[in-house]
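A.B. asks: So I've got this file, work-v1.json, and it contains JSON, C-alpha atoms and all ligand atoms:
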```
[["chain", "number", "residue", "atom", "x", "y", "z"],
["A", 1, "MET", "CA", 73.93, 93.91, 126.84],
["A", 2, "GLY", "CA", 76.27, 96.25, 124.90],
["A", 3, "ILE", "CA", 79.79, 95.39, 123.89],
["A", 4, "GLY", "CA", 82.33, 98.01, 124.96],
["A", 5, "PRO", "CA", 85.39, 99.00, 122.95],
["A", 6, "TYR", "CA", 87.44, 96.69, 125.09],
["A", 7, "GLY", "CA", 85.41, 93.67, 124.05],
["A", 8, "GLY", "CA", 83.71, 93.33, 127.43],
["A", 9, "THR", "CA", 80.03, 93.48, 128.24],
["A", 10, "GLU", "CA", 78.29, 96.28, 130.16],
["A", 11, "SER", "CA", 78.41, 94.35, 133.41],
["A", 12, "CYS", "CA", 81.71, 95.04, 135.12],
["A", 13, "ALA", "CA", 81.85, 91.55, 136.60],
["A", 14, "LYS", "CA", 81.54, 89.94, 133.18],
["A", 15, "ARG", "CA", 84.02, 92.07, 131.27],
["A", 16, "MET", "CA", 87.04, 90.38, 129.83],
["A", 17, "SER", "CA", 90.63, 91.46, 130.26],
["A", 18, "PRO", "CA", 91.39, 94.65, 128.30],
["A", 19, "ALA", "CA", 92.50, 94.34, 124.71],
["A", 20, "PRO", "CA", 95.22, 96.74, 123.59],
["A", 21, "LEU", "CA", 94.23, 100.00, 121.95],
["A", 22, "ASN", "CA", 94.22, 99.69, 118.18],
["A", 23, "ASP", "CA", 96.68, 101.49, 115.88],
["A", 24, "GLU", "CA", 94.13, 104.15, 115.01],
["A", 25, "GLN", "CA", 93.58, 105.02, 118.67],
["A", 26, "VAL", "CA", 97.31, 105.22, 119.34],
["A", 27, "ALA", "CA", 97.84, 107.40, 116.26],
["A", 28, "ALA", "CA", 94.97, 109.68, 117.32],
["A", 29, "PHE", "CA", 96.56, 110.15, 120.76],
["A", 30, "HIS", "CA", 99.92, 111.09, 119.24],
["A", 31, "ARG", "CA", 98.28, 113.45, 116.73],
["A", 32, "ASP", "CA", 95.79, 115.12, 119.09],
["A", 33, "GLY", "CA", 97.36, 114.72, 122.53],
["A", 34, "TYR", "CA", 94.28, 112.98, 123.88],
["A", 35, "LEU", "CA", 92.04, 110.00, 123.24],
["A", 36, "PHE", "CA", 88.42, 109.45, 124.24],
["A", 37, "VAL", "CA", 87.22, 105.91, 124.89],
["A", 38, "GLU", "CA", 83.47, 105.75, 125.28],
["A", 39, "ASP", "CA", 81.71, 103.12, 127.42],
["A", 40, "HIS", "CA", 85.03, 102.23, 129.02],
["A", 41, "PHE", "CA", 83.19, 101.64, 132.27],
["A", 42, "SER", "CA", 79.50, 100.93, 132.62],
["A", 43, "PRO", "CA", 77.05, 103.60, 133.83],
["A", 44, "GLN", "CA", 76.21, 101.26, 136.72],
["A", 45, "ASP", "CA", 79.86, 101.19, 137.80],
["A", 46, "MET", "CA", 79.98, 104.98, 137.70],
["A", 47, "GLU", "CA", 76.74, 105.26, 139.71],
["A", 48, "ARG", "CA", 78.30, 103.07, 142.38],
["A", 49, "LEU", "CA", 81.50, 105.08, 142.41],
["A", 50, "LEU", "CA", 79.59, 108.34, 142.69],
["A", 51, "ARG", "CA", 77.34, 106.99, 145.46],
["A", 52, "VAL", "CA", 80.40, 105.98, 147.46],
["A", 53, "ALA", "CA", 82.22, 109.26, 146.83],
["A", 54, "ARG", "CA", 79.19, 111.35, 147.77],
["A", 55, "VAL", "CA", 78.96, 109.94, 151.29],
["A", 56, "ASP", "CA", 82.64, 109.27, 151.93],
["A", 57, "GLN", "CA", 83.67, 111.52, 154.82],
["A", 58, "GLU", "CA", 87.32, 110.62, 154.33],
["A", 59, "LEU", "CA", 87.23, 111.87, 150.76],
["A", 60, "ALA", "CA", 85.46, 115.04, 151.87],
["A", 61, "ALA", "CA", 87.92, 115.58, 154.73],
["A", 62, "GLY", "CA", 90.84, 115.36, 152.29],
["A", 63, "ALA", "CA", 89.31, 117.87, 149.87],
["A", 64, "THR", "CA", 90.85, 121.26, 149.29],
["A", 65, "ASP", "CA", 89.48, 124.36, 147.61],
["A", 66, "ARG", "CA", 91.09, 126.05, 144.64],
["A", 67, "PHE", "CA", 89.96, 129.50, 143.57],
["A", 68, "ASP", "CA", 89.84, 130.67, 139.97],
["A", 69, "THR", "CA", 90.65, 134.23, 138.87],
["A", 70, "GLU", "CA", 87.05, 135.30, 139.63],
["A", 71, "GLY", "CA", 87.20, 133.84, 143.13],
["A", 72, "ARG", "CA", 84.92, 130.89, 142.39],
["A", 73, "VAL", "CA", 85.83, 127.69, 144.18],
["A", 74, "SER", "CA", 86.56, 124.22, 142.82],
["A", 75, "ARG", "CA", 87.10, 121.32, 145.21],
["A", 76, "LEU", "CA", 89.37, 118.38, 144.74],
["A", 77, "SER", "CA", 90.48, 115.48, 146.89],
["A", 78, "LEU", "CA", 93.92, 114.18, 145.96],
["A", 79, "ARG", "CA", 96.03, 111.20, 147.01],
["A", 80, "TYR", "CA", 99.65, 110.49, 146.24],
["A", 81, "ASN", "CA", 99.71, 106.82, 147.18],
["A", 82, "LEU", "CA", 97.87, 103.59, 146.52],
["A", 83, "GLU", "CA", 97.96, 102.30, 150.09],
["A", 84, "GLY", "CA", 94.41, 101.38, 150.89],
["A", 85, "GLU", "CA", 91.46, 99.61, 149.42],
["A", 86, "ASP", "CA", 89.13, 102.48, 148.67],
["A", 87, "SER", "CA", 87.27, 102.78, 145.39],
["A", 88, "TYR", "CA", 89.38, 105.61, 143.98],
["A", 89, "ARG", "CA", 92.65, 103.77, 144.57],
["A", 90, "ALA", "CA", 91.04, 100.70, 143.03],
["A", 91, "TYR", "CA", 90.33, 102.65, 139.84],
["A", 92, "ALA", "CA", 93.82, 104.16, 139.88],
["A", 93, "ARG", "CA", 95.14, 100.58, 139.82],
["A", 94, "HIS", "CA", 92.67, 99.47, 137.18],
["A", 95, "GLU", "CA", 94.26, 97.61, 134.30],
["A", 96, "ARG", "CA", 91.78, 99.35, 131.96],
["A", 97, "ILE", "CA", 93.44, 102.64, 132.88],
["A", 98, "VAL", "CA", 97.04, 101.63, 133.41],
["A", 99, "GLU", "CA", 97.61, 99.37, 130.41],
["A", 100, "PRO", "CA", 96.26, 101.71, 127.71],
["A", 101, "LEU", "CA", 98.24, 104.60, 129.18],
["A", 102, "GLU", "CA", 101.40, 102.48, 129.12],
["A", 103, "GLN", "CA", 100.71, 101.77, 125.50],
["A", 104, "LEU", "CA", 100.16, 105.46, 124.73],
["A", 105, "LEU", "CA", 103.24, 106.66, 126.62],
["A", 106, "GLY", "CA", 105.36, 103.78, 125.29],
["A", 107, "SER", "CA", 106.63, 102.85, 128.73],
["A", 108, "ASP", "CA", 105.76, 101.08, 131.93],
["A", 109, "ILE", "CA", 104.36, 103.64, 134.35],
["A", 110, "TYR", "CA", 104.22, 104.47, 138.03],
["A", 111, "HIS", "CA", 101.26, 106.04, 139.72],
["A", 112, "TYR", "CA", 101.85, 109.72, 140.55],
["A", 113, "HIS", "CA", 98.55, 110.78, 142.11],
["A", 114, "HIS", "CA", 94.82, 110.57, 141.62],
["A", 115, "LYS", "CA", 92.14, 113.09, 142.48],
["A", 116, "MET", "CA", 88.39, 113.41, 142.57],
["A", 117, "MET", "CA", 87.43, 116.70, 140.96],
["A", 118, "MET", "CA", 84.25, 117.92, 142.59],
["A", 119, "LYS", "CA", 82.60, 120.63, 140.55],
["A", 120, "GLU", "CA", 79.42, 121.48, 142.34],
["A", 121, "PRO", "CA", 76.24, 122.94, 140.83],
["A", 122, "HIS", "CA", 76.28, 126.72, 140.34],
["A", 123, "THR", "CA", 79.53, 127.15, 142.29],
["A", 124, "GLY", "CA", 82.21, 124.95, 140.67],
["A", 125, "GLY", "CA", 84.91, 127.32, 139.52],
["A", 126, "ALA", "CA", 86.90, 127.42, 136.32],
["A", 127, "TRP", "CA", 90.31, 125.88, 135.70],
["A", 128, "GLU", "CA", 92.56, 128.20, 133.74],
["A", 129, "TRP", "CA", 94.48, 127.09, 130.65],
["A", 130, "HIS", "CA", 97.43, 124.95, 131.67],
["A", 131, "GLN", "CA", 99.47, 121.89, 130.92],
["A", 132, "ASP", "CA", 99.85, 119.33, 133.66],
["A", 133, "TYR", "CA", 103.57, 119.28, 132.93],
["A", 134, "GLY", "CA", 103.50, 123.01, 133.63],
["A", 135, "TYR", "CA", 102.58, 122.07, 137.20],
["A", 136, "TRP", "CA", 104.87, 119.03, 137.36],
["A", 137, "TYR", "CA", 107.99, 120.44, 135.67],
["A", 138, "GLY", "CA", 109.56, 121.44, 138.98],
["A", 139, "ALA", "CA", 109.94, 117.81, 139.99],
["A", 140, "PHE", "CA", 110.15, 115.85, 136.73],
["A", 141, "LEU", "CA", 112.74, 116.11, 133.98],
["A", 142, "ARG", "CA", 110.65, 114.73, 131.13],
["A", 143, "GLU", "CA", 107.14, 115.14, 129.88],
["A", 144, "GLN", "CA", 106.57, 111.39, 129.51],
["A", 145, "MET", "CA", 103.58, 111.58, 131.79],
["A", 146, "GLY", "CA", 99.88, 111.31, 131.25],
["A", 147, "SER", "CA", 96.47, 111.14, 132.85],
["A", 148, "CYS", "CA", 93.15, 109.47, 132.50],
["A", 149, "MET", "CA", 90.00, 111.41, 133.33],
["A", 150, "ILE", "CA", 87.07, 109.15, 134.18],
["A", 151, "ALA", "CA", 83.66, 110.80, 133.80],
["A", 152, "VAL", "CA", 81.88, 109.78, 136.98],
["A", 153, "ASP", "CA", 79.06, 112.29, 136.45],
["A", 154, "ARG", "CA", 77.96, 113.30, 132.97],
["A", 155, "ALA", "CA", 80.21, 116.14, 131.79],
["A", 156, "SER", "CA", 78.65, 118.78, 129.55],
["A", 157, "ARG", "CA", 79.40, 122.32, 128.48],
["A", 158, "ALA", "CA", 76.79, 123.51, 130.99],
["A", 159, "ASN", "CA", 78.48, 121.89, 133.99],
["A", 160, "GLY", "CA", 82.01, 122.87, 132.99],
["A", 161, "CYS", "CA", 83.42, 119.92, 131.10],
["A", 162, "LEU", "CA", 87.12, 119.79, 130.35],
["A", 163, "GLU", "CA", 88.21, 121.65, 127.21],
["A", 164, "VAL", "CA", 91.37, 120.75, 125.30],
["A", 165, "LEU", "CA", 93.30, 122.31, 122.45],
["A", 166, "ARG", "CA", 93.78, 119.66, 119.84],
["A", 167, "GLY", "CA", 97.45, 118.98, 119.04],
["A", 168, "SER", "CA", 98.72, 121.42, 121.68],
["A", 169, "HIS", "CA", 101.02, 118.79, 123.25],
["A", 170, "ARG", "CA", 103.28, 119.19, 120.20],
["A", 171, "PHE", "CA", 104.22, 122.77, 121.15],
["A", 172, "GLY", "CA", 106.25, 121.71, 124.17],
["A", 173, "ARG", "CA", 105.95, 123.02, 127.69],
["A", 174, "LEU", "CA", 104.91, 126.65, 127.99],
["A", 175, "ASP", "CA", 105.84, 128.99, 130.81],
["A", 176, "HIS", "CA", 103.31, 128.99, 133.62],
["A", 177, "GLY", "CA", 102.59, 131.56, 136.30],
["A", 178, "LYS", "CA", 100.16, 132.26, 139.11],
["A", 179, "ARG", "CA", 96.49, 132.67, 138.04],
["A", 180, "GLY", "CA", 94.22, 133.06, 141.06],
["A", 181, "ASP", "CA", 94.92, 130.03, 143.21],
["A", 182, "GLN", "CA", 96.03, 128.12, 140.17],
["A", 183, "THR", "CA", 98.97, 127.86, 137.81],
["A", 184, "GLY", "CA", 98.23, 128.97, 134.26],
["A", 185, "THR", "CA", 100.01, 129.40, 130.95],
["A", 186, "ASP", "CA", 101.63, 132.55, 129.62],
["A", 187, "PRO", "CA", 98.62, 134.51, 128.21],
["A", 188, "GLU", "CA", 100.43, 135.88, 125.16],
["A", 189, "ARG", "CA", 101.45, 132.49, 123.76],
["A", 190, "MET", "CA", 98.17, 131.06, 124.88],
["A", 191, "GLN", "CA", 96.27, 133.54, 122.70],
["A", 192, "VAL", "CA", 98.27, 132.50, 119.64],
["A", 193, "LEU", "CA", 97.61, 128.84, 120.30],
["A", 194, "GLU", "CA", 93.92, 129.47, 120.88],
["A", 195, "ASP", "CA", 93.76, 131.23, 117.51],
["A", 196, "ARG", "CA", 95.52, 128.38, 115.73],
["A", 197, "LEU", "CA", 94.25, 125.21, 117.32],
["A", 198, "GLU", "CA", 90.85, 123.58, 117.51],
["A", 199, "LEU", "CA", 89.06, 123.84, 120.82],
["A", 200, "VAL", "CA", 87.42, 120.56, 121.82],
["A", 201, "TYR", "CA", 84.75, 120.32, 124.52],
["A", 202, "CYS", "CA", 85.12, 117.02, 126.32],
["A", 203, "GLU", "CA", 81.45, 116.22, 126.82],
["A", 204, "MET", "CA", 81.46, 112.76, 128.33],
["A", 205, "ALA", "CA", 78.81, 110.31, 129.44],
["A", 206, "PRO", "CA", 79.46, 108.54, 132.74],
["A", 207, "GLY", "CA", 81.97, 105.76, 132.03],
["A", 208, "THR", "CA", 83.70, 107.54, 129.15],
["A", 209, "VAL", "CA", 87.40, 108.11, 129.75],
["A", 210, "LEU", "CA", 89.84, 110.63, 128.34],
["A", 211, "PHE", "CA", 93.53, 109.77, 128.18],
["A", 212, "PHE", "CA", 95.64, 112.89, 127.77],
["A", 213, "HIS", "CA", 99.29, 113.83, 127.45],
["A", 214, "SER", "CA", 100.95, 115.96, 130.14],
["A", 215, "ASN", "CA", 101.59, 118.78, 127.63],
["A", 216, "THR", "CA", 98.02, 118.92, 126.31],
["A", 217, "LEU", "CA", 96.58, 122.35, 127.05],
["A", 218, "HIS", "CA", 93.33, 122.13, 128.93],
["A", 219, "ARG", "CA", 90.97, 124.21, 131.00],
["A", 220, "SER", "CA", 87.36, 124.11, 132.13],
["A", 221, "ALA", "CA", 84.62, 126.70, 132.59],
["A", 222, "PRO", "CA", 82.66, 127.26, 135.80],
["A", 223, "ASN", "CA", 79.67, 125.07, 136.50],
["A", 224, "THR", "CA", 76.65, 127.27, 135.87],
["A", 225, "SER", "CA", 74.19, 124.36, 135.81],
["A", 226, "ALA", "CA", 72.20, 122.53, 138.46],
["A", 227, "GLU", "CA", 74.18, 119.32, 137.82],
["A", 228, "SER", "CA", 77.40, 118.42, 139.59],
["A", 229, "ARG", "CA", 80.44, 117.41, 137.56],
["A", 230, "TRP", "CA", 82.56, 114.93, 139.45],
["A", 231, "ALA", "CA", 85.42, 113.22, 137.67],
["A", 232, "LEU", "CA", 88.28, 111.02, 138.81],
["A", 233, "ILE", "CA", 91.64, 111.90, 137.27],
["A", 234, "CYS", "CA", 94.49, 109.39, 137.61],
["A", 235, "CYS", "CA", 98.01, 110.60, 136.77],
["A", 236, "TYR", "CA", 101.13, 108.56, 136.00],
["A", 237, "THR", "CA", 104.75, 108.91, 134.91],
["A", 238, "ALA", "CA", 107.12, 106.71, 132.92],
["A", 239, "VAL", "CA", 109.14, 104.52, 135.29],
["A", 240, "ASP", "CA", 112.40, 106.18, 134.25],
["A", 241, "ASN", "CA", 110.98, 109.65, 134.87],
["A", 242, "THR", "CA", 110.68, 109.75, 138.64],
["A", 243, "PRO", "CA", 111.26, 113.07, 140.46],
["A", 244, "PHE", "CA", 114.80, 114.41, 140.37],
["A", 245, "ILE", "CA", 114.37, 116.44, 143.53],
["A", 246, "ASP", "CA", 114.32, 115.09, 147.05],
["A", 247, "GLY", "CA", 111.11, 115.12, 148.96],
["A", 248, "ALA", "CA", 108.75, 115.25, 145.96],
["A", 249, "ALA", "CA", 105.31, 113.95, 146.79],
["A", 250, "GLY", "CA", 104.45, 110.49, 145.47],
["A", 251, "ASP", "CA", 105.38, 106.86, 145.87],
["A", 252, "PHE", "CA", 107.16, 105.75, 142.74],
["A", 253, "SER", "CA", 107.29, 101.99, 142.83],
["A", 254, "PRO", "CA", 105.77, 99.02, 141.01],
["A", 255, "PHE", "CA", 102.13, 98.43, 141.90],
["A", 256, "ASP", "CA", 99.60, 95.68, 141.29],
["A", 257, "ARG", "CA", 97.11, 96.30, 138.54],
["A", 258, "TRP", "CA", 93.62, 95.19, 139.33],
["A", 259, "ASP", "CA", 91.17, 93.60, 136.94],
["A", 260, "ASP", "CA", 87.42, 94.22, 136.81],
["A", 261, "GLU", "CA", 86.63, 91.67, 139.45],
["A", 262, "ARG", "CA", 89.24, 92.92, 141.92],
["A", 263, "VAL", "CA", 88.02, 96.52, 141.47],
["A", 264, "ARG", "CA", 84.41, 95.41, 141.90],
["A", 265, "VAL", "CA", 85.30, 93.65, 145.17],
["A", 266, "ALA", "CA", 87.09, 96.78, 146.44],
["A", 267, "VAL", "CA", 84.12, 99.02, 145.59],
["A", 268, "GLN", "CA", 81.70, 96.59, 147.24],
["A", 269, "ALA", "CA", 83.84, 96.46, 150.40],
["A", 270, "HIS", "CA", 83.94, 100.26, 150.39],
["A", 271, "GLU", "CA", 80.13, 100.38, 150.11],
["A", 272, "GLU", "CA", 79.86, 98.03, 153.06],
["A", 273, "ARG", "CA", 82.21, 100.14, 155.17],
["A", 274, "LEU", "CA", 80.06, 103.16, 154.39],
["A", 275, "ALA", "CA", 76.92, 101.17, 155.20],
["A", 276, "LEU", "CA", 75.52, 101.71, 151.74],
["A", 277, "ALA", "CA", 72.77, 99.24, 150.92],
["A", 278, "PRO", "CA", 73.38, 97.11, 147.80],
["A", 279, "ASP", "CA", 71.53, 98.30, 144.67],
["A", 301, "LIG", "O1", 88.52, 119.07, 136.45],
["A", 301, "LIG", "C1", 88.74, 120.03, 135.71],
["A", 301, "LIG", "O2", 87.86, 120.66, 135.18],
["A", 301, "LIG", "C2", 90.15, 120.44, 135.40],
["A", 301, "LIG", "C3", 91.15, 119.55, 135.99],
["A", 301, "LIG", "C4", 92.53, 119.86, 135.56],
["A", 301, "LIG", "O3", 92.74, 120.70, 134.75],
["A", 301, "LIG", "C5", 93.66, 119.16, 136.13],
["A", 301, "LIG", "O4", 93.47, 118.41, 137.08],
["A", 301, "LIG", "O5", 94.77, 119.35, 135.64]]
```
Translate this structure into structure tokens?
Ligand SMILES: O=C(O)CCC(=O)C(=O)O

C.D. replies:
Amino acid sequence: MGIGPYGGTESCAKRMSPAPLNDEQVAAFHRDGYLFVEDHFSPQDMERLLRVARVDQELAAGATDRFDTEGRVSRLSLRYNLEGEDSYRAYARHERIVEPLEQLLGSDIYHYHHKMMMKEPHTGGAWEWHQDYGYWYGAFLREQMGSCMIAVDRASRANGCLEVLRGSHRFGRLDHGKRGDQTGTDPERMQVLEDRLELVYCEMAPGTVLFFHSNTLHRSAPNTSAESRWALICCYTAVDNTPFIDGAAGDFSPFDRWDDERVRVAVQAHEERLALAPD
């Protein structure tokens, strides 16, 4: 039984409460704009999450298509609230996600939204270079926001893993405009940053997580492989950085954080509702 970076064992049920990130991890996040934590969740937990997500008609019904500049489609299913006991909301409440991100952002946080990114074999389209704060700027005054990408499937260069530009969060928010169905960064500045900064391919085994800052430039290539690339991305904002405009989507209020056992119970209940046989 392996020991994860959070001091727990591979079995979700037996993991201990999360330990804080160490100084080196926090410094790496501030330097690079992102932080990988391998083996954050066990492969078994990710298999269960994927099995649920694959048959969940509600998730599928809530999915929307986004087209890249070449007209290839990427699907995502997004939720702005934590009302409900499904597996994705359980992970969005997970103390292993919320507490490290609070540490990295230096603030208590509210949930903004979470989304299952469904990049299908051969068809999953690209995501153009952007900053999340480029999308969110219209509703939020400050960039004190961040996300955690959980690799549910294995993410590789072949299936269109996320790509980040190391240290790009330090250049502030760039102008964004329409790129296909998406919002992308100003190409001229983007070219300069691509020339100057290191491109990092976020190849991740199931259960690895990537915490990243809202100004970190990222994109992903189309999925040209026979393997799907599903990932759950949970997004949060500092509690004193709620939307300044009326009617912005989201439910910005304190929420309960769930530990391993509470998340496991929610996933199991979800499996039962979907009539999935236990492993
Ligand atoms: O899933 C991906 O490949 C890209 C997702 C992304 O860029 C985002 O959600 O902001």

A.B. asks: Compile the contact shell of Met149 in chain A as a VMD selection string: residues with an atom at most 8 Å away, counting all atoms listed in the file, same-chain residues fewer than 2 positions apart removed.

C.D. replies: chain A and resid 147 151 209 to 211 231 to 234

A.B. asks: Could I get the residue neighbourhood of ligand LIG 301 (chain A) at 7 Å, counting only C-alpha atoms and all ligand atoms, as a ChimeraX atom specification?

C.D. replies: /A:117,126-127,132,160-162,218-220,231,233

A.B. asks: Quick one, how far is CA of Val239 in chain A from CA of Met116 in chain A?

C.D. replies: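 Spanning CA of Val239 in chain A to CA of Met116 in chain A is a straight-line distance of 23.7 Å.
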
A.B. asks: Smallest atom-to-atom distance to Thr224 in chain A: which of A:Asp251, A:Glu85, A:Glu120, A:Asp56, using only C-alpha atoms?

C.D. replies: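 Checking each of A:Asp251, A:Glu85, A:Glu120, A:Asp56 against Thr224 in chain A, counting only C-alpha atoms, the winner is A:Glu120.
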
A.B. asks: Neighbouring residues of Arg157 in chain A were defined as those with any atom within 8 Å, considering all atoms listed in the file; residues of the same chain fewer than 2 positions away were excluded. Please report them as a compact mmCIF listing (two decimals) with C-alpha atoms, keeping the file's coordinate frame.

C.D. replies:
```txt
# COMPACT_ATOMS: atom_id res chain seq x y z
CA ALA A 155 80.21 116.14 131.79
CA ASN A 159 78.48 121.89 133.99
CA GLY A 160 82.01 122.87 132.99
CA CYS A 161 83.42 119.92 131.10
CA TYR A 201 84.75 120.32 124.52
CA GLU A 203 81.45 116.22 126.82
CA ALA A 221 84.62 126.70 132.59
```

A.B. asks: Return as lines of an AutoDock Vina configuration file the box centre and box size in Å, one decimal, for an axis-aligned box around all listed atoms of range 129-143 of chain A padded by 4 Å per side.

C.D. replies:
```
center_x = 103.6
center_y = 120.9
center_z = 134.9
size_x = 26.3
size_y = 20.4
size_z = 18.1
```

A.B. asks: What are the closest atom pairs, with distances in Å to one decimal, for all residues of range 104-140 of chain A lying within 12 Å of range 31-42 of chain A? Consider all atoms listed in the file, order rows by chain and residue number, and present the result as a Markdown table.

C.D. replies:
```
| residue | atom | partner | partner_atom | distance |
| --- | --- | --- | --- | --- |
| A:Leu104 | CA | A:Leu35 | CA | 9.4 |
| A:Leu105 | CA | A:Gly33 | CA | 10.8 |
| A:Gln131 | CA | A:Gly33 | CA | 11.2 |
```

A.B. asks: In Å, how far is it from CA of Ser77 in chain A to CA of Val265 in chain A?

C.D. replies: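 For CA of Ser77 in chain A relative to CA of Val265 in chain A, the distance reads 22.5 Å.
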
A.B. asks: Can you work out which one of A:Arg273, A:Arg262, A:Arg72, A:Arg154 has the shortest atom-to-atom distance to Met46 in chain A, counting only C-alpha atoms?

C.D. replies: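 Once distances to Met46 in chain A are computed over only C-alpha atoms, the minimum belongs to A:Arg154.
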
A.B. asks: With all atoms listed in the file as the atoms that count, which of A:Gly62, A:Gly146, A:Gly106, A:Pro206 lies nearest to Thr237 in chain A?

C.D. replies: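 Closest to Thr237 in chain A of all the choices is A:Gly146.
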
A.B. asks: Using all atoms listed in the file, which of A:Ser87, A:Ser107, A:Ser74, A:Asn215 sits nearest Arg264 in chain A?

C.D. replies: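 Once distances to Arg264 in chain A are computed over all atoms listed in the file, the minimum belongs to A:Ser87.
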
A.B. asks: Of the candidates A:Gly124, A:Gly180, A:Gly167, A:Gly138, which one gets nearest to Leu197 in chain A if we count all atoms listed in the file?

C.D. replies: A:Gly167

A.B. asks: One decimal, Å: what's the distance from CA of Gln103 in chain A over to CA of Asp23 in chain A, could you say?

C.D. replies: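 CA of Asp23 in chain A lies 10.4 Å from CA of Gln103 in chain A.
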